[in-house]
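Asker: Here you go, this is model_6.cif (mmCIF, C-alpha atoms).
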data_protein
loop_
_atom_site.label_atom_id
_atom_site.label_comp_id
_atom_site.auth_asym_id
_atom_site.auth_seq_id
_atom_site.Cartn_x
_atom_site.Cartn_y
_atom_site.Cartn_z
CA MET A 1 -64.53 -35.27 -44.45
CA LYS A 2 -62.18 -32.79 -46.15
CA LEU A 3 -59.20 -33.94 -48.19
CA LYS A 4 -55.81 -32.36 -47.69
CA ALA A 5 -54.12 -30.65 -50.60
CA LEU A 6 -51.55 -32.93 -52.18
CA PRO A 7 -49.00 -32.37 -54.96
CA LEU A 8 -50.04 -33.93 -58.24
CA ALA A 9 -47.03 -36.21 -58.13
CA SER A 10 -48.58 -37.98 -55.17
CA LEU A 11 -52.05 -38.33 -56.60
CA SER A 12 -51.51 -41.94 -57.67
CA LEU A 13 -50.55 -42.81 -54.10
CA THR A 14 -53.60 -40.89 -52.86
CA LEU A 15 -55.78 -43.05 -55.07
CA LEU A 16 -54.41 -46.19 -53.47
CA VAL A 17 -54.82 -44.85 -49.93
CA TYR A 18 -58.29 -43.36 -50.26
CA ALA A 19 -60.03 -45.67 -52.70
CA PRO A 20 -60.52 -49.04 -50.99
CA LEU A 21 -63.58 -49.72 -53.11
CA LEU A 22 -61.64 -49.79 -56.37
CA ALA A 23 -60.94 -53.23 -57.77
CA ALA A 24 -57.41 -54.24 -58.67
CA ASP A 25 -58.56 -55.69 -61.95
CA ALA A 26 -60.62 -53.77 -64.48
CA PRO A 27 -64.24 -54.91 -64.50
CA ALA A 28 -65.75 -56.18 -67.69
CA SER A 29 -67.24 -53.42 -69.80
CA ASN A 30 -70.55 -53.61 -71.57
CA ALA A 31 -68.72 -52.22 -74.62
CA LYS A 32 -67.08 -55.69 -75.09
CA PRO A 33 -63.84 -54.36 -76.58
CA SER A 34 -62.30 -56.44 -79.37
CA ALA A 35 -59.31 -54.17 -80.03
CA GLN A 36 -57.03 -52.02 -77.89
CA PHE A 37 -55.69 -48.54 -78.55
CA ASN A 38 -52.99 -47.23 -76.23
CA VAL A 39 -52.92 -43.43 -75.86
CA ARG A 40 -49.10 -43.58 -75.74
CA THR A 41 -49.12 -44.98 -79.27
CA TYR A 42 -50.87 -41.79 -80.37
CA GLY A 43 -48.37 -39.48 -78.68
CA ALA A 44 -49.52 -39.11 -75.06
CA LEU A 45 -46.64 -38.46 -72.64
CA GLY A 46 -48.33 -38.54 -69.24
CA ASP A 47 -45.81 -36.11 -67.74
CA ASN A 48 -48.35 -33.64 -66.26
CA LYS A 49 -46.75 -30.89 -68.35
CA THR A 50 -47.56 -31.61 -71.98
CA LYS A 51 -51.20 -31.48 -73.02
CA ASP A 52 -52.23 -34.94 -74.14
CA THR A 53 -55.66 -33.91 -75.43
CA ASP A 54 -54.89 -34.58 -79.10
CA ALA A 55 -53.35 -37.96 -78.36
CA PHE A 56 -56.40 -39.04 -76.35
CA GLN A 57 -58.77 -37.89 -79.07
CA LYS A 58 -56.77 -39.63 -81.80
CA ALA A 59 -56.92 -42.89 -79.85
CA LEU A 60 -60.65 -42.51 -79.27
CA ASP A 61 -61.27 -41.70 -82.94
CA ALA A 62 -59.17 -44.66 -84.07
CA CYS A 63 -61.16 -46.93 -81.77
CA SER A 64 -64.40 -45.66 -83.29
CA ALA A 65 -63.14 -46.04 -86.84
CA ALA A 66 -62.25 -49.67 -86.12
CA GLY A 67 -65.81 -50.36 -84.95
CA GLY A 68 -65.08 -50.10 -81.24
CA GLY A 69 -62.75 -51.42 -78.61
CA GLU A 70 -60.79 -50.33 -75.57
CA VAL A 71 -58.69 -47.18 -75.25
CA ILE A 72 -55.95 -47.91 -72.73
CA VAL A 73 -54.39 -45.25 -70.49
CA PRO A 74 -51.22 -46.67 -68.88
CA ALA A 75 -49.56 -45.34 -65.71
CA GLY A 76 -48.87 -41.61 -65.72
CA ASN A 77 -50.38 -38.19 -65.06
CA TYR A 78 -52.09 -36.97 -68.24
CA LEU A 79 -53.04 -33.32 -68.69
CA ILE A 80 -56.02 -32.97 -71.06
CA GLY A 81 -58.80 -30.67 -72.19
CA SER A 82 -62.15 -31.96 -73.42
CA VAL A 83 -62.25 -35.23 -75.38
CA GLU A 84 -65.22 -37.11 -76.82
CA LEU A 85 -66.06 -40.81 -76.56
CA HIS A 86 -67.89 -42.55 -79.38
CA SER A 87 -70.10 -45.64 -79.49
CA ASN A 88 -68.74 -49.09 -78.60
CA THR A 89 -65.79 -47.60 -76.71
CA THR A 90 -64.33 -48.32 -73.28
CA LEU A 91 -61.90 -45.79 -71.83
CA HIS A 92 -59.82 -47.76 -69.36
CA LEU A 93 -57.52 -46.12 -66.79
CA GLU A 94 -54.90 -48.53 -65.53
CA LYS A 95 -53.35 -48.52 -62.07
CA ASP A 96 -51.33 -45.41 -61.13
CA VAL A 97 -53.14 -43.19 -63.64
CA PHE A 98 -54.49 -39.72 -63.10
CA VAL A 99 -56.15 -37.89 -65.95
CA ILE A 100 -55.91 -34.22 -64.99
CA GLU A 101 -58.16 -31.48 -66.27
CA SER A 102 -56.39 -28.61 -68.03
CA SER A 103 -56.75 -25.21 -66.34
CA ASP A 104 -56.95 -23.49 -69.75
CA VAL A 105 -60.59 -22.65 -70.50
CA ASN A 106 -59.80 -22.62 -74.23
CA ASP A 107 -59.37 -26.40 -74.05
CA PHE A 108 -63.13 -26.80 -73.50
CA PRO A 109 -65.36 -25.93 -76.50
CA ILE A 110 -68.64 -24.13 -75.89
CA ILE A 111 -71.71 -26.19 -76.78
CA PRO A 112 -75.45 -26.22 -75.97
CA GLY A 113 -76.16 -27.97 -72.67
CA ARG A 114 -78.06 -27.68 -69.39
CA PHE A 115 -77.09 -25.97 -66.17
CA GLU A 116 -79.18 -25.69 -63.02
CA GLY A 117 -82.13 -27.06 -64.92
CA ALA A 118 -82.13 -24.60 -67.83
CA ASN A 119 -80.86 -24.97 -71.39
CA ALA A 120 -77.68 -22.92 -71.62
CA GLN A 121 -74.31 -22.54 -73.27
CA VAL A 122 -71.73 -24.66 -71.46
CA HIS A 123 -68.08 -25.59 -71.71
CA ARG A 124 -67.92 -29.21 -72.85
CA GLY A 125 -66.96 -31.69 -70.17
CA MET A 126 -63.44 -33.07 -69.79
CA ILE A 127 -64.76 -36.51 -70.75
CA TYR A 128 -67.80 -36.09 -73.00
CA ALA A 129 -70.12 -38.31 -75.00
CA ASN A 130 -73.24 -37.43 -76.98
CA GLN A 131 -75.71 -39.82 -78.63
CA ALA A 132 -73.35 -42.75 -78.15
CA LYS A 133 -74.23 -46.35 -77.36
CA HIS A 134 -72.39 -49.05 -75.43
CA ILE A 135 -69.74 -46.88 -73.77
CA ALA A 136 -67.78 -47.33 -70.58
CA ILE A 137 -65.19 -45.59 -68.41
CA THR A 138 -63.36 -47.95 -66.09
CA GLY A 139 -60.61 -47.85 -63.45
CA PRO A 140 -58.71 -48.46 -61.26
CA GLY A 141 -57.10 -45.13 -62.28
CA GLY A 142 -58.61 -41.75 -61.55
CA PHE A 143 -59.46 -38.23 -62.67
CA SER A 144 -58.52 -34.89 -61.17
CA ALA A 145 -60.30 -31.61 -61.96
CA ALA A 146 -58.86 -28.10 -62.20
CA SER A 147 -60.64 -26.22 -59.45
CA ALA A 148 -59.88 -22.81 -61.01
CA LEU A 149 -62.40 -23.48 -63.78
CA GLY A 150 -65.22 -24.50 -61.46
CA ARG A 151 -66.41 -20.96 -60.82
CA LEU A 152 -67.12 -20.21 -64.48
CA ARG A 153 -70.67 -19.23 -65.40
CA ASN A 154 -72.20 -18.03 -68.67
CA PRO A 155 -70.95 -20.30 -70.16
CA ARG A 156 -70.99 -22.93 -67.42
CA ALA A 157 -67.71 -24.50 -66.32
CA PRO A 158 -66.73 -27.88 -67.78
CA VAL A 159 -68.15 -30.81 -65.82
CA GLY A 160 -65.66 -33.60 -65.21
CA ILE A 161 -67.59 -36.38 -66.96
CA GLU A 162 -70.67 -35.47 -68.99
CA ILE A 163 -72.67 -38.15 -70.80
CA VAL A 164 -75.58 -36.79 -72.89
CA SER A 165 -78.35 -38.69 -74.73
CA CYS A 166 -76.46 -41.99 -74.52
CA ASP A 167 -77.69 -45.55 -74.08
CA ASP A 168 -75.94 -48.41 -72.26
CA VAL A 169 -73.37 -46.55 -70.16
CA THR A 170 -71.04 -48.02 -67.54
CA LEU A 171 -68.91 -45.99 -65.12
CA ASP A 172 -66.97 -48.42 -62.98
CA GLY A 173 -64.04 -48.57 -60.61
CA PHE A 174 -62.35 -45.16 -60.95
CA SER A 175 -61.86 -42.20 -58.62
CA TYR A 176 -62.60 -38.55 -59.23
CA GLN A 177 -61.35 -35.74 -57.04
CA TYR A 178 -60.24 -32.14 -57.20
CA ASP A 179 -56.53 -31.31 -57.07
CA ALA A 180 -56.83 -28.82 -54.19
CA PRO A 181 -59.24 -28.40 -51.29
CA VAL A 182 -60.75 -25.11 -52.47
CA ARG A 183 -64.22 -24.06 -53.63
CA THR A 184 -64.63 -25.95 -56.87
CA ASP A 185 -68.27 -25.15 -57.57
CA ILE A 186 -69.06 -27.55 -60.40
CA TRP A 187 -70.32 -31.10 -60.68
CA CYS A 188 -68.15 -34.20 -60.94
CA ILE A 189 -70.37 -36.45 -63.11
CA HIS A 190 -73.44 -35.45 -65.11
CA PRO A 191 -75.42 -38.04 -67.09
CA MET A 192 -78.30 -36.29 -68.91
CA PHE A 193 -81.08 -37.72 -71.13
CA CYS A 194 -79.45 -41.17 -70.85
CA THR A 195 -80.91 -44.68 -70.53
CA ASN A 196 -79.52 -47.88 -69.04
CA VAL A 197 -76.78 -46.37 -66.89
CA MET A 198 -74.66 -48.43 -64.47
CA ILE A 199 -72.52 -46.46 -62.01
CA LYS A 200 -70.57 -48.58 -59.54
CA ASN A 201 -67.45 -48.78 -57.39
CA LEU A 202 -66.66 -45.07 -57.73
CA TYR A 203 -64.81 -42.87 -55.25
CA LEU A 204 -65.78 -39.20 -55.67
CA ARG A 205 -64.57 -36.16 -53.72
CA SER A 206 -65.34 -32.46 -54.07
CA GLU A 207 -65.69 -29.53 -51.68
CA GLY A 208 -67.25 -26.57 -53.51
CA THR A 209 -70.73 -25.31 -52.68
CA ASN A 210 -71.92 -26.22 -56.19
CA GLY A 211 -69.69 -29.30 -56.36
CA ASP A 212 -72.26 -32.10 -56.65
CA GLY A 213 -70.83 -35.59 -56.83
CA LEU A 214 -73.34 -37.15 -59.23
CA ASP A 215 -76.17 -35.32 -61.00
CA VAL A 216 -78.67 -37.71 -62.59
CA ASP A 217 -80.57 -35.43 -64.96
CA SER A 218 -83.62 -36.64 -66.94
CA CYS A 219 -82.26 -40.21 -67.13
CA SER A 220 -84.02 -43.57 -66.96
CA LYS A 221 -82.97 -47.01 -65.76
CA VAL A 222 -80.04 -45.92 -63.61
CA THR A 223 -78.23 -47.99 -60.98
CA VAL A 224 -75.74 -46.45 -58.54
CA GLN A 225 -74.05 -49.17 -56.52
CA ASN A 226 -71.16 -49.49 -54.07
CA CYS A 227 -70.02 -45.87 -54.45
CA ASP A 228 -68.28 -43.68 -51.85
CA ILE A 229 -69.19 -40.04 -52.49
CA SER A 230 -68.37 -37.02 -50.33
CA ALA A 231 -69.31 -33.82 -52.12
CA GLY A 232 -69.42 -30.11 -51.45
CA ASP A 233 -73.03 -29.93 -52.60
CA ASP A 234 -75.39 -32.91 -52.89
CA ALA A 235 -73.56 -36.21 -53.06
CA ILE A 236 -76.26 -37.45 -55.45
CA SER A 237 -78.82 -35.12 -57.01
CA LEU A 238 -81.86 -36.36 -58.94
CA LYS A 239 -83.30 -33.73 -61.26
CA SER A 240 -85.16 -33.11 -64.52
CA GLY A 241 -85.04 -29.42 -65.49
CA ARG A 242 -86.99 -26.37 -64.41
CA GLY A 243 -90.07 -24.59 -65.69
CA MET A 244 -92.13 -25.05 -68.82
CA GLU A 245 -88.99 -25.73 -70.85
CA ALA A 246 -88.55 -29.02 -68.98
CA VAL A 247 -92.28 -29.76 -68.97
CA ARG A 248 -92.32 -29.56 -72.77
CA GLU A 249 -89.22 -31.77 -73.03
CA GLY A 250 -91.04 -34.32 -70.89
CA LYS A 251 -88.00 -36.31 -69.81
CA PRO A 252 -88.23 -37.44 -66.18
CA THR A 253 -85.58 -39.10 -64.10
CA GLU A 254 -87.10 -42.51 -63.42
CA ASP A 255 -86.37 -46.10 -62.42
CA VAL A 256 -83.34 -45.30 -60.28
CA ILE A 257 -81.69 -47.74 -57.86
CA ILE A 258 -79.18 -46.46 -55.29
CA LYS A 259 -77.76 -49.20 -53.11
CA ASP A 260 -74.80 -50.16 -50.95
CA CYS A 261 -73.36 -46.63 -51.04
CA LYS A 262 -71.73 -44.24 -48.61
CA LEU A 263 -73.02 -40.71 -49.28
CA ALA A 264 -71.99 -37.49 -47.53
CA SER A 265 -72.21 -33.77 -48.19
CA VAL A 266 -69.82 -31.12 -46.91
CA HIS A 267 -72.41 -28.34 -47.17
CA PHE A 268 -75.86 -29.64 -48.16
CA ALA A 269 -77.61 -33.03 -48.60
CA ALA A 270 -76.33 -36.54 -49.11
CA LEU A 271 -79.27 -37.16 -51.46
CA GLY A 272 -81.13 -34.27 -53.07
CA ILE A 273 -84.35 -34.73 -55.02
CA GLY A 274 -84.91 -31.44 -56.88
CA THR A 275 -84.96 -28.50 -57.02
CA GLU A 276 -84.98 -28.87 -60.81
CA ILE A 277 -87.95 -31.19 -60.91
CA SER A 278 -90.29 -29.91 -63.64
CA GLY A 279 -89.81 -33.00 -65.83
CA GLY A 280 -90.56 -35.27 -62.85
CA VAL A 281 -88.73 -37.83 -60.72
CA ARG A 282 -90.31 -41.22 -60.08
CA ASN A 283 -89.60 -44.80 -59.09
CA VAL A 284 -86.51 -44.33 -56.93
CA ASP A 285 -85.28 -47.06 -54.57
CA ILE A 286 -82.55 -46.26 -52.02
CA SER A 287 -81.32 -49.18 -49.90
CA ASN A 288 -78.48 -50.36 -47.68
CA CYS A 289 -76.74 -46.98 -47.64
CA THR A 290 -74.99 -44.90 -45.00
CA ILE A 291 -75.77 -41.22 -45.43
CA SER A 292 -74.94 -37.94 -43.73
CA GLY A 293 -75.41 -34.31 -44.67
CA VAL A 294 -74.51 -30.98 -43.15
CA GLN A 295 -77.96 -29.60 -44.06
CA ASN A 296 -80.15 -32.70 -44.56
CA ALA A 297 -79.37 -36.35 -45.08
CA ILE A 298 -82.20 -36.45 -47.65
CA PHE A 299 -83.73 -33.25 -49.03
CA ILE A 300 -86.92 -33.22 -51.13
CA LYS A 301 -87.00 -29.70 -52.56
CA SER A 302 -88.82 -27.49 -55.03
CA ARG A 303 -90.57 -24.12 -55.31
CA ASP A 304 -93.46 -22.28 -56.91
CA GLY A 305 -93.34 -22.38 -60.72
CA ARG A 306 -91.68 -25.80 -60.84
CA GLY A 307 -94.71 -28.02 -61.32
CA GLY A 308 -93.59 -31.56 -62.11
CA TYR A 309 -93.85 -34.47 -59.73
CA ILE A 310 -91.95 -36.62 -57.25
CA GLU A 311 -93.53 -40.04 -56.84
CA ASN A 312 -92.78 -43.57 -55.68
CA ILE A 313 -89.67 -42.85 -53.60
CA THR A 314 -88.62 -45.70 -51.29
CA GLY A 315 -85.81 -45.81 -48.75
CA GLU A 316 -85.02 -49.01 -46.84
CA ASN A 317 -82.24 -50.22 -44.53
CA LEU A 318 -80.54 -46.83 -44.24
CA THR A 319 -78.15 -45.60 -41.56
CA VAL A 320 -78.17 -41.84 -41.02
CA GLU A 321 -75.15 -40.39 -39.24
CA ALA A 322 -74.80 -37.00 -37.52
CA SER A 323 -77.13 -34.97 -39.75
CA PRO A 324 -79.21 -31.95 -38.77
CA THR A 325 -82.23 -33.62 -40.39
CA PHE A 326 -82.91 -37.13 -41.66
CA ILE A 327 -85.52 -35.94 -44.19
CA GLY A 328 -86.09 -32.28 -44.97
CA ILE A 329 -88.96 -31.21 -47.23
CA ASP A 330 -89.33 -27.74 -48.76
CA LEU A 331 -91.50 -27.61 -51.86
CA MET A 332 -92.14 -23.86 -51.65
CA SER A 333 -88.93 -21.84 -51.67
CA LYS A 334 -85.86 -23.69 -52.95
CA GLY A 335 -84.05 -23.10 -56.22
CA ILE A 336 -83.80 -20.50 -58.97
CA GLN A 337 -87.03 -19.39 -60.58
CA ALA A 338 -87.44 -20.52 -64.20
CA ALA A 339 -87.48 -18.03 -67.05
CA GLU A 340 -90.89 -19.49 -67.91
CA PRO A 341 -92.37 -20.90 -64.71
CA VAL A 342 -95.26 -23.31 -64.52
CA ILE A 343 -98.41 -21.37 -63.68
CA GLY A 344 -101.71 -22.21 -62.00
CA ASP A 345 -102.93 -22.05 -58.41
CA VAL A 346 -102.31 -25.78 -58.02
CA GLU A 347 -100.15 -26.69 -61.02
CA GLN A 348 -97.31 -24.34 -60.01
CA TRP A 349 -96.51 -26.65 -57.10
CA THR A 350 -94.70 -29.97 -57.42
CA LYS A 351 -96.98 -32.97 -56.91
CA VAL A 352 -95.47 -35.37 -54.36
CA SER A 353 -96.91 -38.83 -53.69
CA ASN A 354 -96.03 -42.27 -52.35
CA ILE A 355 -92.99 -41.57 -50.19
CA THR A 356 -91.93 -44.57 -48.07
CA PHE A 357 -89.06 -45.01 -45.62
CA LYS A 358 -88.65 -48.12 -43.48
CA ASN A 359 -85.99 -49.84 -41.41
CA ILE A 360 -84.05 -46.66 -40.69
CA LYS A 361 -81.35 -46.22 -38.04
CA VAL A 362 -80.51 -42.64 -37.03
CA ASN A 363 -77.47 -41.72 -34.98
CA ASN A 364 -77.11 -38.25 -33.47
CA VAL A 365 -79.67 -36.60 -35.75
CA ARG A 366 -80.90 -33.20 -34.61
CA THR A 367 -84.40 -33.37 -36.20
CA LEU A 368 -85.94 -36.58 -37.43
CA ILE A 369 -88.20 -35.31 -40.24
CA GLU A 370 -89.65 -31.90 -41.03
CA THR A 371 -91.45 -29.88 -43.65
CA GLN A 372 -89.20 -26.89 -43.32
CA HIS A 373 -90.53 -23.44 -42.61
CA SER A 374 -89.54 -20.53 -44.84
CA ASN A 375 -90.88 -17.08 -45.70
CA SER A 376 -93.05 -18.82 -48.32
CA GLY A 377 -94.83 -21.07 -45.85
CA GLU A 378 -94.54 -24.35 -44.01
CA GLY A 379 -92.67 -26.35 -46.64
CA VAL A 380 -95.69 -27.83 -48.45
CA SER A 381 -98.45 -25.82 -50.09
CA PRO A 382 -101.97 -26.58 -48.79
CA ALA A 383 -103.09 -26.33 -52.42
CA ARG A 384 -101.10 -29.48 -53.22
CA PRO A 385 -100.45 -31.58 -50.10
CA ILE A 386 -98.18 -34.61 -50.17
CA ASP A 387 -100.32 -37.69 -50.82
CA GLY A 388 -98.94 -40.84 -49.22
CA PHE A 389 -96.10 -40.65 -46.69
CA THR A 390 -95.15 -43.90 -44.93
CA LEU A 391 -92.65 -44.23 -42.08
CA SER A 392 -92.02 -47.53 -40.32
CA ASN A 393 -89.40 -49.01 -38.04
CA LEU A 394 -87.31 -45.92 -37.30
CA THR A 395 -84.86 -46.38 -34.44
CA GLY A 396 -81.94 -44.50 -32.92
CA THR A 397 -81.36 -41.10 -31.37
CA CYS A 398 -82.50 -37.60 -32.25
CA GLN A 399 -82.90 -34.29 -30.44
CA ARG A 400 -86.28 -33.41 -31.94
CA GLY A 401 -88.99 -35.52 -33.53
CA ILE A 402 -91.22 -35.12 -36.57
CA THR A 403 -92.81 -31.86 -37.72
CA LEU A 404 -95.05 -32.21 -40.78
CA THR A 405 -97.57 -29.99 -42.52
CA ASN A 406 -100.10 -30.69 -45.28
CA ILE A 407 -99.90 -34.48 -45.68
CA LEU A 408 -102.67 -36.80 -46.83
CA ASN A 409 -102.68 -40.56 -46.23
CA ALA A 410 -99.77 -40.65 -43.80
CA ASN A 411 -98.96 -44.03 -42.26
CA PHE A 412 -96.60 -44.08 -39.26
CA SER A 413 -95.60 -47.19 -37.30
CA ASP A 414 -92.82 -48.43 -35.02
CA ILE A 415 -91.09 -45.09 -34.56
CA LYS A 416 -88.88 -45.90 -31.58
CA VAL A 417 -86.33 -43.12 -31.35
CA THR A 418 -84.92 -41.85 -28.06
CA GLY A 419 -83.16 -38.77 -26.73
CA TYR A 420 -85.60 -36.19 -28.07
CA THR A 421 -87.25 -33.39 -26.15
CA GLY A 422 -90.77 -32.11 -26.76
CA PRO A 423 -93.39 -34.06 -28.69
CA LEU A 424 -92.41 -36.90 -30.99
CA MET A 425 -94.82 -35.63 -33.64
CA THR A 426 -96.11 -32.15 -34.36
CA LEU A 427 -98.64 -32.41 -37.19
CA THR A 428 -100.59 -29.71 -38.99
CA ASN A 429 -103.21 -30.70 -41.54
CA VAL A 430 -101.98 -34.31 -41.58
CA THR A 431 -104.38 -37.22 -42.01
CA GLY A 432 -103.79 -40.97 -41.97
CA LYS A 433 -102.86 -43.82 -39.64
CA GLY A 434 -100.56 -44.10 -36.64
CA LEU A 435 -100.63 -40.40 -35.84
CA ASP A 436 -101.06 -40.94 -32.10
CA ALA A 437 -97.51 -40.92 -30.76
CA PRO A 438 -96.46 -42.42 -27.42
CA ALA A 439 -95.83 -40.00 -24.56
CA PRO A 440 -94.98 -37.24 -24.84
CA ALA A 441 -98.06 -37.12 -27.03
CA ALA A 442 -98.15 -35.74 -30.54
CA VAL A 443 -99.20 -32.12 -30.86
CA THR A 444 -101.82 -31.87 -33.60
CA THR A 445 -103.00 -28.51 -34.91
CA ALA A 446 -106.28 -28.20 -36.75
CA ALA A 447 -106.07 -26.60 -40.18
CA PRO A 448 -108.48 -25.90 -43.02
CA ALA A 449 -109.07 -28.76 -45.42
CA ALA A 450 -106.50 -28.81 -48.22
CA ALA A 451 -107.54 -27.92 -51.75
CA GLN A 452 -107.71 -30.92 -54.05
#
Rewrite the structure from the file as structure tokens, please.

Answerer:
Amino acid sequence: MKLKALPLASLSLTLLVYAPLLAADAPASNAKPSAQFNVRTYGALGDNKTKDTDAFQKALDACSAAGGGEVIVPAGNYLIGSVELHSNTTLHLEKDVFVIESSDVNDFPIIPGRFEGANAQVHRGMIYANQAKHIAITGPGGFSAASALGRLRNPRAPVGIEIVSCDDVTLDGFSYQYDAPVRTDIWCIHPMFCTNVMIKNLYLRSEGTNGDGLDVDSCSKVTVQNCDISAGDDAISLKSGRGMEAVREGKPTEDVIIKDCKLASVHFAALGIGTEISGGVRNVDISNCTISGVQNAIFIKSRDGRGGYIENITGENLTVEASPTFIGIDLMSKGIQAAEPVIGDVEQWTKVSNITFKNIKVNNVRTLIETQHSNSGEGVSPARPIDGFTLSNLTGTCQRGITLTNILNANFSDIKVTGYTGPLMTLTNVTGKGLDAPAPAAVTTAAPAAAQ
């Protein structure tokens, strides 16, 4: 799962070896470029020594001034700081291109942004756009981040690609990876407050414990398709801010499709939903994916003071490989507390409803599904139980079965896993259908009725 350190001179070859998903020809961009602007024309050298930031920005500005078009990056290794895309612009990286993040923090201006769910001062991303429409970044070239900057906090380190408050965004056919296998600790791609986002055919690699592959943050109408992501933290994280700050902003992540992807995490979950969930996450469809995580394949996570909601999450035709847990749920103890948490005996907890997984194949999974125990409780507060949890047609091998607490309207059918010891289902305060497991029988513990 880990990449070997390679000299920058060989990065173009690495792209060819490790990125089989990337198309040889650039895909059509929704920006519909009518003019081309070559960064070399504006002074870029691509020698991995000279900073080409100004040349890139001049090309991008010229494209904008002309009403839009395509900024071309020909073969070479380009060292840059932060640059900004404008509306109606496609940034196209040709074959044998690596755009390399500068290791000089002064090349990344400090601006208002969001980090770990809170509004904060941040270093602007290497590739940045704000309030732009009809923009695209396309391959087959790639990006490489400077791992030394990834540890920066207050202000936050520069994210590789950060798209904020934009509409009609395409990210297609490029790679993104760090230039050394060390703890990088910052996200690769961060769309925030965006609508109509298409992310496809990407190859992303990171290893740091905060090195998420893709953070979809308070965005709507997002498709992630045919991507290969192996990240230090969550391969894909769906989030929407934390605490009353995010509740007042009222911008959920919603209408998300994740399909035909390969997702893996070096340290945590292949797909994380939360912990920054106060604005809500809803209407998520995951299908035809292969996933594996070192902590959980899928982790639904929150804590007291988050509030918000997670609803209408569907997973279908998934293959889960060698993960400690297929689905882990902890709504009580995960994440940093907000400066202004959501309060209320019930309202402080995230409302979770209508979770459905069907046609799932698990291979060498330690625990099938569990609401995970912590010092705060059994994963789900009895004050706000999960309402609607459907599991059907689960097959494969696991060492332990299902342990769930505080679930209303569960519906289990055709769970035909083998290799486990102990009961298939251990249920506490769970009501619904299909709760009688085949031998060895389910262990059901009586519990007080949940507060409504």

Asker: Can you tell me, as a PyMOL selection string, what residues are no more than 12 Å from Phe115 in chain A when counting all atoms listed in the file, ignoring any on the same chain fewer than 5 positions away?

Answerer: chain A and resi 120-124+152-159+162+186-187+190+192+210+215+217+239-242+276+336+338

Asker: Closest to Asp234 in chain A among A:Asn296, A:Thr426, A:Asn288, A:Ser82, using all atoms listed in the file?

Answerer: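 Distance minimum relative to Asp234 in chain A lands on A:Asn296.
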
Asker: Would you please work out which residue, of A:Cys398, A:Ile300, A:Ala322, A:Ile257, is nearest to Val352 in chain A when using only C-alpha atoms?

Answerer: A:Ile300

Asker: What is the distance, in Å and to one decimal place, between CA of Asn38 in chain A and CA of Lys133 in chain A?

Answerer: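 About the pair CA of Asn38 in chain A and CA of Lys133 in chain A: they are 21.3 Å apart.
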
Asker: Extending 3 Å beyond the listed atoms of range 40-50 of chain A on each side, what axis-aligned box results? I want centre and edge lengths in Å to one decimal, as AutoDock Vina command-line options.

Answerer:
--center_x -48.3 --center_y -37.9 --center_z -73.3 --size_x 11.1 --size_y 20.1 --size_z 20.1

Asker: Using the chain letters and numbering of this document, enumerate as a list in words the residues selected by the PyMOL selection byres ((chain A and resi 142) around 6).

Answerer: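 Those residues are Phe98, Gly141, Phe143, Phe174, Ser175 and Tyr176 of chain A.
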
Asker: Using all atoms listed in the file, which residues sit within 6 Å of Ser287 in chain A once same-chain residues fewer than 4 positions away are excluded, as a VMD selection string?

Answerer: chain A and resid 259 315 to 317

Asker: Please provide as a ChimeraX atom specification all residues within 6 Å of range 89-96 of chain A, with the sequence filter that same-chain residues fewer than 3 positions apart are discarded (counting only C-alpha atoms).

Answerer: /A:12,31,68-75,135-141

Asker: Just how far from CA of Gly274 in chain A is CA of Ile415 in chain A, in Å to one decimal?

Answerer: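 Interatomic distance here is 26.9 Å.
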
Asker: Can you spell out as number ranges by chain the set of residues that the PyMOL selection byres ((chain A and resi 40) around 9) selects in the structure I just provided?

Answerer: A: 37-39, 41-46, 55-56, 59, 72-74

Asker: Please determine, counting only C-alpha atoms, which residue among A:Phe326, A:Phe193, A:Tyr78, A:Phe357 has the shortest atom-to-atom distance to Thr403 in chain A.

Answerer: A:Phe326

Asker: Can you spell out as a ChimeraX atom specification the set of residues that the PyMOL selection byres ((chain A and resi 381) around 8) selects in the structure I just provided?

Answerer: /A:331-332,349,377-380,382-385,406

Asker: Using only C-alpha atoms, which of the listed residues (A:Gln295, A:Thr418, A:Gln348, A:Ser392) sits closest to Gly308 in chain A?

Answerer: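 Nearest candidate to Gly308 in chain A out of A:Gln295, A:Thr418, A:Gln348, A:Ser392: A:Gln348.
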
Asker: Quick one: residues within 7 Å of Ala269 in chain A, only C-alpha atoms counted, chain neighbours fewer than 4 positions away excluded, as a PyMOL selection string?

Answerer: chain A and resi 233-235+265+293-299
